[in-house]
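Visitor: You'll find final_4.cif just under this line, and it carries mmCIF, C-alpha atoms.
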```cif
data_model
#
loop_
_atom_site.group_PDB
_atom_site.id
_atom_site.type_symbol
_atom_site.label_atom_id
_atom_site.label_comp_id
_atom_site.auth_asym_id
_atom_site.auth_seq_id
_atom_site.Cartn_x
_atom_site.Cartn_y
_atom_site.Cartn_z
ATOM 1 C CA MET A 12 -14.126 -7.025 -1.673
ATOM 2 C CA LEU A 13 -10.839 -5.584 -2.937
ATOM 3 C CA HIS A 14 -9.891 -6.559 -6.471
ATOM 4 C CA ALA A 15 -6.473 -7.974 -7.326
ATOM 5 C CA ARG A 16 -5.743 -4.978 -9.545
ATOM 6 C CA SER A 17 -5.849 -2.641 -6.546
ATOM 7 C CA ILE A 18 -2.856 -3.823 -4.496
ATOM 8 C CA PHE A 19 -0.080 -6.419 -4.637
ATOM 9 C CA VAL A 20 -1.988 -9.309 -3.116
ATOM 10 C CA PHE A 21 0.610 -11.881 -4.076
ATOM 11 C CA LEU A 22 3.245 -10.833 -1.524
ATOM 12 C CA ALA A 23 2.876 -8.289 1.275
ATOM 13 C CA ALA A 24 6.602 -7.791 1.767
ATOM 14 C CA PHE A 25 7.024 -7.154 -1.942
ATOM 15 C CA HIS A 26 4.269 -4.561 -1.724
ATOM 16 C CA SER A 27 6.068 -2.704 1.059
ATOM 17 C CA LEU A 28 9.273 -2.600 -0.972
ATOM 18 C CA ALA A 29 7.389 -1.105 -3.904
ATOM 19 C CA VAL A 30 5.665 1.514 -1.752
ATOM 20 C CA SER A 31 8.990 2.547 -0.199
ATOM 21 C CA GLY A 32 10.356 3.223 -3.688
ATOM 22 C CA SER A 33 13.287 0.830 -3.221
ATOM 23 C CA TRP A 34 12.179 -1.489 -6.019
ATOM 24 C CA ILE A 35 12.070 -0.557 -9.696
ATOM 25 C CA PRO A 36 10.848 -2.859 -12.498
ATOM 26 C CA ARG A 37 13.581 -3.497 -15.046
ATOM 27 C CA ASP A 38 13.126 -4.028 -18.763
ATOM 28 C CA LEU A 39 9.330 -3.681 -18.675
ATOM 29 C CA LYS A 40 8.037 -4.672 -22.089
ATOM 30 C CA VAL A 41 4.868 -5.576 -23.967
ATOM 31 C CA ALA A 42 4.640 -9.377 -24.102
ATOM 32 C CA LEU A 43 1.139 -10.403 -25.179
ATOM 33 C CA GLY A 44 0.431 -14.098 -24.980
ATOM 34 C CA GLU A 45 -1.731 -16.765 -23.416
ATOM 35 C CA ILE A 46 -0.453 -18.442 -20.259
ATOM 36 C CA ASP A 47 -1.617 -21.481 -18.326
ATOM 37 C CA SER A 48 -0.961 -22.982 -14.913
ATOM 38 C CA GLY A 49 -2.956 -26.129 -14.341
ATOM 39 C CA SER A 50 -6.574 -25.235 -15.103
ATOM 40 C CA ILE A 51 -5.949 -21.491 -14.793
ATOM 41 C CA HIS A 52 -5.920 -19.515 -18.050
ATOM 42 C CA ARG A 53 -4.707 -15.929 -18.206
ATOM 43 C CA ILE A 54 -3.375 -13.340 -20.656
ATOM 44 C CA ARG A 55 0.171 -12.100 -20.194
ATOM 45 C CA LEU A 56 0.362 -8.352 -20.874
ATOM 46 C CA ARG A 57 3.884 -7.470 -19.720
ATOM 47 C CA THR A 58 7.121 -8.992 -18.488
ATOM 48 C CA PHE A 59 9.733 -7.344 -16.308
ATOM 49 C CA ASP A 60 12.665 -8.256 -14.078
ATOM 50 C CA GLU A 61 13.680 -7.197 -10.588
ATOM 51 C CA ALA A 62 17.000 -6.960 -8.786
ATOM 52 C CA SER A 63 17.105 -10.593 -7.603
ATOM 53 C CA GLY A 64 16.850 -11.778 -11.207
ATOM 54 C CA ASN A 65 13.288 -13.089 -10.974
ATOM 55 C CA ARG A 66 11.029 -12.450 -13.936
ATOM 56 C CA TRP A 67 7.538 -11.187 -13.296
ATOM 57 C CA MET A 68 4.450 -10.789 -15.437
ATOM 58 C CA LEU A 69 1.535 -8.363 -15.474
ATOM 59 C CA VAL A 70 -1.325 -10.782 -15.956
ATOM 60 C CA LEU A 71 -4.947 -10.285 -17.019
ATOM 61 C CA ASP A 72 -7.926 -12.451 -16.182
ATOM 62 C CA PRO A 73 -9.716 -12.158 -19.544
ATOM 63 C CA GLU A 74 -13.128 -12.861 -18.054
ATOM 64 C CA ASN A 75 -13.372 -10.408 -15.146
ATOM 65 C CA LEU A 76 -10.765 -7.950 -16.557
ATOM 66 C CA GLU A 77 -8.754 -7.903 -13.330
ATOM 67 C CA THR A 78 -4.965 -7.678 -13.402
ATOM 68 C CA SER A 79 -2.328 -9.036 -11.053
ATOM 69 C CA VAL A 80 1.441 -9.497 -10.910
ATOM 70 C CA ARG A 81 2.762 -13.051 -10.984
ATOM 71 C CA LEU A 82 6.138 -14.761 -11.087
ATOM 72 C CA GLU A 83 6.738 -16.213 -14.541
ATOM 73 C CA GLU A 84 7.989 -19.464 -13.000
ATOM 74 C CA GLY A 85 5.339 -22.189 -12.996
ATOM 75 C CA TRP A 86 3.391 -20.871 -15.993
ATOM 76 C CA THR A 87 3.322 -22.281 -19.504
ATOM 77 C CA VAL A 88 3.673 -19.371 -21.896
ATOM 78 C CA HIS A 89 2.217 -19.286 -25.419
ATOM 79 C CA ASP A 90 3.485 -16.308 -27.397
ATOM 80 C CA THR A 91 0.386 -16.051 -29.558
ATOM 81 C CA LEU A 92 -3.232 -15.078 -28.971
ATOM 82 C CA GLY A 93 -5.847 -17.403 -30.411
ATOM 83 C CA ALA A 94 -9.507 -16.769 -31.201
ATOM 84 C CA ASP A 95 -10.848 -15.260 -28.021
ATOM 85 C CA SER A 96 -14.465 -15.285 -26.891
ATOM 86 C CA THR A 97 -13.668 -13.915 -23.425
ATOM 87 C CA ALA A 98 -14.892 -10.554 -22.134
ATOM 88 C CA TRP A 99 -11.500 -9.022 -22.970
ATOM 89 C CA GLY A 100 -11.533 -10.514 -26.463
ATOM 90 C CA LYS A 101 -15.026 -9.224 -27.236
ATOM 91 C CA LEU A 102 -14.263 -5.734 -25.968
ATOM 92 C CA ARG A 103 -10.973 -5.653 -27.859
ATOM 93 C CA ARG A 104 -12.668 -6.566 -31.138
ATOM 94 C CA SER A 105 -15.377 -3.993 -30.499
ATOM 95 C CA GLU A 106 -12.705 -1.361 -29.871
ATOM 96 C CA MET A 107 -10.915 -2.346 -33.078
ATOM 97 C CA ASP A 108 -14.089 -1.841 -35.084
ATOM 98 C CA PHE A 109 -15.248 1.562 -33.929
ATOM 99 C CA GLY A 110 -13.715 2.541 -30.581
ATOM 100 C CA TRP A 111 -11.380 5.229 -31.883
ATOM 101 C CA LYS A 112 -14.297 7.453 -32.863
ATOM 102 C CA ASN A 113 -15.047 7.987 -29.141
ATOM 103 C CA SER A 114 -11.480 7.660 -27.776
ATOM 104 C CA GLY A 115 -12.610 4.293 -26.438
ATOM 105 C CA LEU A 116 -15.553 2.848 -24.579
ATOM 106 C CA SER A 117 -17.541 5.738 -23.149
ATOM 107 C CA HIS A 118 -20.664 4.155 -21.671
ATOM 108 C CA VAL A 119 -21.548 1.062 -19.663
ATOM 109 C CA LEU A 120 -24.621 -0.959 -18.873
ATOM 110 C CA ALA A 121 -25.637 0.265 -15.451
ATOM 111 C CA LYS A 122 -27.856 -1.039 -12.726
ATOM 112 C CA GLU A 123 -30.605 1.521 -12.160
ATOM 113 C CA SER A 124 -28.912 4.963 -12.094
ATOM 114 C CA GLY A 125 -25.303 3.912 -11.673
ATOM 115 C CA ILE A 126 -22.414 5.839 -13.203
ATOM 116 C CA VAL A 127 -18.679 5.247 -13.460
ATOM 117 C CA LEU A 128 -16.550 8.016 -11.954
ATOM 118 C CA SER A 129 -13.141 8.476 -13.572
ATOM 119 C CA VAL A 130 -10.679 10.933 -12.048
ATOM 120 C CA ASP A 131 -7.931 12.115 -14.401
ATOM 121 C CA LEU A 132 -4.576 12.856 -12.781
ATOM 122 C CA CYS A 133 -2.615 14.626 -15.494
ATOM 123 C CA PRO A 134 0.689 16.345 -14.613
ATOM 124 C CA SER A 135 0.023 19.296 -12.315
ATOM 125 C CA HIS A 136 1.746 21.492 -9.751
ATOM 126 C CA HIS A 137 -1.436 21.486 -7.680
ATOM 127 C CA PRO A 138 -2.066 18.859 -4.995
ATOM 128 C CA LEU A 139 -4.734 16.182 -5.322
ATOM 129 C CA ASP A 140 -8.197 17.668 -4.789
ATOM 130 C CA ARG A 141 -8.911 15.431 -1.801
ATOM 131 C CA ARG A 142 -12.319 16.939 -1.104
ATOM 132 C CA LEU A 143 -13.640 14.852 -4.028
ATOM 133 C CA ILE A 144 -12.638 11.572 -2.373
ATOM 134 C CA VAL A 145 -13.615 12.703 1.124
ATOM 135 C CA ARG A 146 -17.107 13.674 -0.031
ATOM 136 C CA ILE A 147 -17.538 10.411 -1.943
ATOM 137 C CA LEU A 148 -16.581 8.385 1.119
ATOM 138 C CA ASP A 149 -19.022 10.377 3.228
ATOM 139 C CA ALA A 150 -21.850 10.000 0.702
ATOM 140 C CA PHE A 151 -21.502 6.220 0.310
ATOM 141 C CA ARG A 152 -20.311 5.252 3.813
ATOM 142 C CA ARG A 153 -23.617 3.522 4.576
ATOM 143 C CA ASP A 154 -22.910 0.895 1.919
ATOM 144 C CA GLY A 155 -20.266 -0.685 4.126
ATOM 145 C CA LYS A 156 -18.053 -1.665 1.186
ATOM 146 C CA PRO A 157 -15.209 -0.051 -0.768
ATOM 147 C CA VAL A 158 -16.360 2.665 -3.173
ATOM 148 C CA PRO A 159 -15.362 2.007 -6.809
ATOM 149 C CA VAL A 160 -13.477 4.910 -8.395
ATOM 150 C CA SER A 161 -11.279 4.910 -11.500
ATOM 151 C CA PHE A 162 -8.075 6.967 -11.491
ATOM 152 C CA ALA A 163 -6.290 7.803 -14.755
ATOM 153 C CA LEU A 164 -2.659 8.084 -13.649
ATOM 154 C CA SER A 165 0.115 9.821 -15.558
ATOM 155 C CA GLY A 166 3.720 9.052 -14.710
ATOM 156 C CA ASP A 167 4.625 12.713 -14.194
ATOM 157 C CA TRP A 168 1.741 13.145 -11.740
ATOM 158 C CA ILE A 169 2.960 10.156 -9.720
ATOM 159 C CA ARG A 170 6.547 11.455 -9.654
ATOM 160 C CA CYS A 171 5.392 14.838 -8.321
ATOM 161 C CA HIS A 172 2.654 13.626 -5.982
ATOM 162 C CA GLY A 173 3.919 10.502 -4.254
ATOM 163 C CA ASN A 174 2.285 11.542 -0.972
ATOM 164 C CA ASP A 175 -1.106 11.948 -2.630
ATOM 165 C CA LEU A 176 -0.819 8.528 -4.276
ATOM 166 C CA ALA A 177 0.251 6.999 -0.957
ATOM 167 C CA TRP A 178 -2.879 8.527 0.605
ATOM 168 C CA LEU A 179 -5.032 6.844 -2.049
ATOM 169 C CA VAL A 180 -3.245 3.509 -1.558
ATOM 170 C CA ALA A 181 -3.849 3.777 2.189
ATOM 171 C CA LEU A 182 -7.575 4.152 1.475
ATOM 172 C CA VAL A 183 -7.359 0.987 -0.635
ATOM 173 C CA ASP A 184 -5.580 -0.904 2.127
ATOM 174 C CA SER A 185 -8.224 0.176 4.642
ATOM 175 C CA ALA A 186 -11.003 -1.056 2.303
ATOM 176 C CA LYS A 187 -12.507 2.397 1.773
ATOM 177 C CA ILE A 188 -12.044 2.651 -1.986
ATOM 178 C CA ASP A 189 -11.770 0.038 -4.730
ATOM 179 C CA PRO A 190 -9.808 1.714 -7.525
ATOM 180 C CA THR A 191 -9.226 0.934 -11.163
ATOM 181 C CA TRP A 192 -5.804 2.357 -12.067
ATOM 182 C CA ILE A 193 -6.045 3.556 -15.688
ATOM 183 C CA ASN A 194 -2.942 4.275 -17.775
ATOM 184 C CA HIS A 195 -2.910 7.976 -18.737
ATOM 185 C CA THR A 196 0.581 7.958 -20.354
ATOM 186 C CA ASP A 197 3.894 8.782 -18.746
ATOM 187 C CA HIS A 198 4.350 12.472 -19.581
ATOM 188 C CA HIS A 199 0.912 13.473 -20.927
ATOM 189 C CA TYR A 200 2.572 15.906 -23.320
ATOM 190 C CA TYR A 201 0.656 19.113 -23.956
ATOM 191 C CA ARG A 202 1.634 22.361 -25.635
ATOM 192 C CA LYS A 203 -0.556 25.341 -24.807
ATOM 193 C CA GLY A 204 -2.108 27.074 -27.819
ATOM 194 C CA LEU A 205 -1.552 24.156 -30.181
ATOM 195 C CA ALA A 206 -4.567 22.635 -31.926
ATOM 196 C CA GLU A 207 -5.767 19.369 -30.364
ATOM 197 C CA ASN A 208 -5.156 17.351 -33.536
ATOM 198 C CA LEU A 209 -1.479 18.397 -33.332
ATOM 199 C CA ASN A 210 -1.153 18.108 -29.571
ATOM 200 C CA PHE A 211 -0.915 15.408 -26.878
ATOM 201 C CA LEU A 212 0.131 12.090 -28.461
ATOM 202 C CA PHE A 213 0.326 13.817 -31.852
ATOM 203 C CA LEU A 214 3.337 15.903 -30.814
ATOM 204 C CA PRO A 215 6.418 15.045 -32.922
ATOM 205 C CA GLY A 216 8.706 12.462 -31.365
ATOM 206 C CA THR A 217 6.064 10.963 -29.065
ATOM 207 C CA ASN A 218 6.401 7.193 -28.743
ATOM 208 C CA VAL A 219 3.016 5.756 -27.725
ATOM 209 C CA THR A 220 4.320 2.438 -26.414
ATOM 210 C CA ARG A 221 7.068 4.138 -24.422
ATOM 211 C CA GLU A 222 4.487 6.472 -22.896
ATOM 212 C CA ILE A 223 2.345 3.508 -21.853
ATOM 213 C CA LEU A 224 5.223 1.525 -20.349
ATOM 214 C CA GLY A 225 6.609 4.557 -18.553
ATOM 215 C CA ALA A 226 3.319 5.131 -16.731
ATOM 216 C CA GLU A 227 3.040 1.448 -15.837
ATOM 217 C CA SER A 228 6.577 1.419 -14.483
ATOM 218 C CA GLU A 229 5.756 4.318 -12.151
ATOM 219 C CA MET A 230 2.595 2.596 -10.970
ATOM 220 C CA LEU A 231 4.446 -0.619 -10.188
ATOM 221 C CA ARG A 232 7.236 1.249 -8.425
ATOM 222 C CA HIS A 233 4.661 2.859 -6.149
ATOM 223 C CA GLY A 234 2.859 -0.358 -5.300
ATOM 224 C CA VAL A 235 -0.214 -0.231 -7.510
ATOM 225 C CA VAL A 236 -1.096 -2.706 -10.245
ATOM 226 C CA PRO A 237 -1.991 -1.149 -13.614
ATOM 227 C CA SER A 238 -5.382 -2.147 -14.980
ATOM 228 C CA VAL A 239 -6.081 -3.181 -18.557
ATOM 229 C CA PHE A 240 -7.518 0.265 -19.328
ATOM 230 C CA PHE A 241 -6.026 3.300 -21.049
ATOM 231 C CA ARG A 242 -7.210 6.890 -21.362
ATOM 232 C CA PHE A 243 -6.038 9.204 -24.134
ATOM 233 C CA PRO A 244 -4.701 12.578 -22.959
ATOM 234 C CA GLY A 245 -7.331 15.164 -23.817
ATOM 235 C CA LEU A 246 -9.530 12.326 -25.145
ATOM 236 C CA VAL A 247 -7.804 12.998 -28.469
ATOM 237 C CA ASP A 248 -6.846 10.170 -30.814
ATOM 238 C CA ASN A 249 -7.011 8.917 -34.382
ATOM 239 C CA GLU A 250 -7.382 5.467 -35.882
ATOM 240 C CA SER A 251 -3.641 4.895 -36.179
ATOM 241 C CA ILE A 252 -2.713 5.869 -32.626
ATOM 242 C CA PHE A 253 -5.734 3.998 -31.296
ATOM 243 C CA ALA A 254 -4.442 0.843 -33.020
ATOM 244 C CA GLU A 255 -1.036 1.320 -31.374
ATOM 245 C CA VAL A 256 -2.671 1.306 -27.958
ATOM 246 C CA LEU A 257 -4.664 -1.841 -28.740
ATOM 247 C CA GLU A 258 -1.445 -3.591 -29.775
ATOM 248 C CA THR A 259 -0.242 -3.277 -26.180
ATOM 249 C CA GLY A 260 -3.309 -5.208 -24.976
ATOM 250 C CA LEU A 261 -4.967 -2.223 -23.314
ATOM 251 C CA LEU A 262 -8.594 -1.158 -23.736
ATOM 252 C CA PRO A 263 -9.076 2.596 -24.273
ATOM 253 C CA VAL A 264 -11.753 4.207 -22.128
ATOM 254 C CA GLY A 265 -13.345 7.512 -23.081
ATOM 255 C CA ALA A 266 -16.136 9.431 -21.345
ATOM 256 C CA ASP A 267 -19.575 10.677 -22.359
ATOM 257 C CA ALA A 268 -19.843 13.142 -19.457
ATOM 258 C CA TRP A 269 -16.813 15.438 -19.097
ATOM 259 C CA LEU A 270 -18.380 17.621 -16.447
ATOM 260 C CA ALA A 271 -16.192 20.701 -16.944
ATOM 261 C CA LYS A 272 -17.393 20.750 -20.575
ATOM 262 C CA ASN A 273 -20.999 20.810 -19.368
ATOM 263 C CA GLN A 274 -21.730 17.268 -20.551
ATOM 264 C CA LYS A 275 -24.562 15.841 -18.470
ATOM 265 C CA PRO A 276 -24.318 12.296 -17.092
ATOM 266 C CA GLY A 277 -27.064 9.726 -17.328
ATOM 267 C CA ALA A 278 -27.401 6.103 -16.257
ATOM 268 C CA GLY A 279 -24.303 4.240 -17.416
ATOM 269 C CA SER A 280 -22.237 7.352 -18.121
ATOM 270 C CA ILE A 281 -18.489 7.268 -17.724
ATOM 271 C CA VAL A 282 -18.000 10.597 -15.959
ATOM 272 C CA LEU A 283 -14.709 12.484 -16.240
ATOM 273 C CA VAL A 284 -13.409 14.979 -13.712
ATOM 274 C CA HIS A 285 -9.872 16.218 -13.119
ATOM 275 C CA GLY A 286 -8.755 15.662 -9.552
ATOM 276 C CA ASN A 287 -5.329 17.209 -10.121
ATOM 277 C CA GLY A 288 -6.374 20.765 -9.273
ATOM 278 C CA ASN A 289 -6.283 21.975 -12.877
ATOM 279 C CA GLU A 290 -10.034 21.908 -13.460
ATOM 280 C CA PRO A 291 -11.817 22.513 -10.140
ATOM 281 C CA VAL A 292 -15.098 23.349 -11.882
ATOM 282 C CA GLY A 293 -15.519 19.677 -12.814
ATOM 283 C CA VAL A 294 -15.006 18.604 -9.202
ATOM 284 C CA ASP A 295 -17.475 21.267 -8.084
ATOM 285 C CA ASP A 296 -20.025 19.944 -10.566
ATOM 286 C CA PHE A 297 -19.607 16.401 -9.268
ATOM 287 C CA LEU A 298 -20.006 17.537 -5.672
ATOM 288 C CA HIS A 299 -23.248 19.246 -6.729
ATOM 289 C CA LEU A 300 -24.350 15.931 -8.258
ATOM 290 C CA LEU A 301 -23.756 14.228 -4.922
ATOM 291 C CA ASP A 302 -25.905 16.833 -3.190
ATOM 292 C CA LYS A 303 -28.608 16.593 -5.848
ATOM 293 C CA HIS A 304 -28.814 12.808 -5.548
ATOM 294 C CA ARG A 305 -28.415 12.595 -1.774
ATOM 295 C CA SER A 306 -31.817 10.972 -1.312
ATOM 296 C CA ASP A 307 -31.291 8.513 -4.194
ATOM 297 C CA ILE A 308 -27.863 7.595 -2.806
ATOM 298 C CA GLN A 309 -29.439 6.768 0.536
ATOM 299 C CA LYS A 310 -32.034 4.619 -1.244
ATOM 300 C CA GLY A 311 -29.271 2.852 -3.196
ATOM 301 C CA VAL A 312 -30.604 3.792 -6.647
ATOM 302 C CA TRP A 313 -27.841 6.296 -7.530
ATOM 303 C CA HIS A 314 -24.404 4.852 -7.051
ATOM 304 C CA LEU A 315 -20.907 4.437 -8.452
ATOM 305 C CA GLU A 316 -20.194 1.440 -10.643
ATOM 306 C CA ASP A 317 -17.019 -0.616 -10.991
ATOM 307 C CA LEU A 318 -15.609 -0.060 -14.484
ATOM 308 C CA SER A 319 -14.332 -3.608 -14.947
ATOM 309 C CA GLY A 320 -17.474 -5.266 -13.634
ATOM 310 C CA GLU A 321 -19.826 -3.286 -15.827
ATOM 311 C CA LEU A 322 -17.765 -3.699 -18.995
ATOM 312 C CA GLU A 323 -17.542 -7.416 -18.299
ATOM 313 C CA GLU A 324 -21.336 -7.571 -18.273
ATOM 314 C CA GLU A 325 -21.606 -5.299 -21.287
ATOM 315 C CA THR A 326 -19.813 -7.837 -23.481
ATOM 316 C CA GLU A 327 -23.103 -9.675 -23.691
ATOM 317 C CA SER A 328 -24.436 -6.791 -25.791
ATOM 318 C CA VAL A 329 -21.309 -6.084 -27.860
ATOM 319 C CA LYS A 330 -22.089 -6.342 -31.543
ATOM 320 C CA THR A 331 -19.347 -6.682 -34.094
ATOM 321 C CA PRO A 332 -19.673 -7.014 -37.873
#
```
For this file, write the structure as structure tokens.
Guide:
Amino acid sequence: MLHARSIFVFLAAFHSLAVSGSWIPRDLKVALGEIDSGSIHRIRLRTFDEASGNRWMLVLDPENLETSVRLEEGWTVHDTLGADSTAWGKLRRSEMDFGWKNSGLSHVLAKESGIVLSVDLCPSHHPLDRRLIVRILDAFRRDGKPVPVSFALSGDWIRCHGNDLAWLVALVDSAKIDPTWINHTDHHYYRKGLAENLNFLFLPGTNVTREILGAESEMLRHGVVPSVFFRFPGLVDNESIFAEVLETGLLPVGADAWLAKNQKPGAGSIVLVHGNGNEPVGVDDFLHLLDKHRSDIQKGVWHLEDLSGELEEETESVKTP
């Protein structure tokens, strides 16, 4: 089943406008608060306007961690966040306590030998490495359901690779993949030769919130709904910058198996590969994993996990001081 975060389920015509590029969100801003409509309780993450004057919200279901876009009309808005025992609240508190040391959550509770595949799409002149997706679809086609894959999208990648993103969205619409669209900042600044602790989001003049909103604006303009997750460029952060991300309502996600760095995945690993053509060795390594586990894939004991679903379940084991 396709999740609400994957496509604009609330209005098909609105979706087509976004995909065509004729609609741009205006005045997108962080607007954390609780909202209610009848018995439905959600978290408002963002507000933005569109040309007709309607105000929209990026909304989070705090229990299953799925996002959607809703008209503000008809909702009661509370501009504060109370004590929260939801899945989102537990994960957020856990992140606040120790998440920055790993650039965010880097492991999930997995069923049998499941892993989470995250594909980073940093700015690149190379096209999307489509062989990764094609091979995944071939490997898991017997399951008869969309394959969960997380994509960390940067705004600059989207601006340069609209056709590649449209190809991914078409796979969503045809129920072949079930993506989680992770915020990977707008420009993903990087200066070659500069030490990591001075690079990426540490570069002078970088505005973390502006980078987050810029990436989300590009996602919305191209017809995809941003998830509640964020990935640090280079997996590089510190406690202060990590706190800035949390203040936007997002949950940072790291990785404990960056394949191009020879980190080996195990059950529950969040695996990182770059699908933007800049690090083909990581894609090669993942394709070798598929070959290695071909028999286990056919038996259903080695599979790809949905990031949101597994983190939702993991909240049962989250321990905070």
Visitor: Need to verify the contact set: A:Leu148, 12 Å, all atoms listed in the file, exclusion of same-chain residues closer than 2 positions in sequence. Can you return it as a list in words?
Guide: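 Residues near the query, excluding close chain neighbours: Arg141, Arg142, Leu143, Ile144, Val145, Arg146, Ala150, Phe151, Arg152, Arg153, Asp154, Gly155, Lys156, Pro157, Val158, Pro159, Val160, Leu182, Val183, Ala186, Lys187, Ile188, Asp189, Leu298, Leu301, Ile308, His314 and Leu315 of chain A.
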Visitor: Env of A:Asn287: 12 Å cut, atoms = only C-alpha atoms, seq-sep filter 4 positions within chain, self excluded. Answer as a ChimeraX atom specification.
Guide: /A:130-143,162-165,167-169,171-172,175-176,291-294
Visitor: Which polymer residues have any atom within 10 Å of an atom of A:Gly49, counting only C-alpha atoms, with same-chain residues fewer than 5 positions away left out, as a PyMOL selection string?
Guide: chain A and resi 85-87
Visitor: Name the residues that the PyMOL selection byres ((chain A and resi 198-212) around 9) picks from the file above, as a PyMOL selection string, using the file's chain letters and numbers.
Guide: chain A and resi 133-134+165-168+195-197+213-215+217-219+222+225-226+243-245+247-249+252
Visitor: Which residues fall under the PyMOL selection byres ((chain A and resi 237) around 6) in this file, as a PDB file with C-alpha atoms, keeping the file's coordinate frame?
Guide:
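expr.pdb was written with the following content:
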```
ATOM      1  CA  TRP A 192      -5.804   2.357 -12.067  1.00  0.00           C
ATOM      2  CA  VAL A 236      -1.096  -2.706 -10.245  1.00  0.00           C
ATOM      3  CA  SER A 238      -5.382  -2.147 -14.980  1.00  0.00           C
TER       4      SER A 238
END
```
Visitor: Find, counting only C-alpha atoms, the residue in A:Pro36, A:Val70, A:Val119, A:Phe240 that gets nearest to A:Ile51.
Guide: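 Between A:Pro36, A:Val70, A:Val119, A:Phe240, the residue approaching A:Ile51 most closely is A:Val70.
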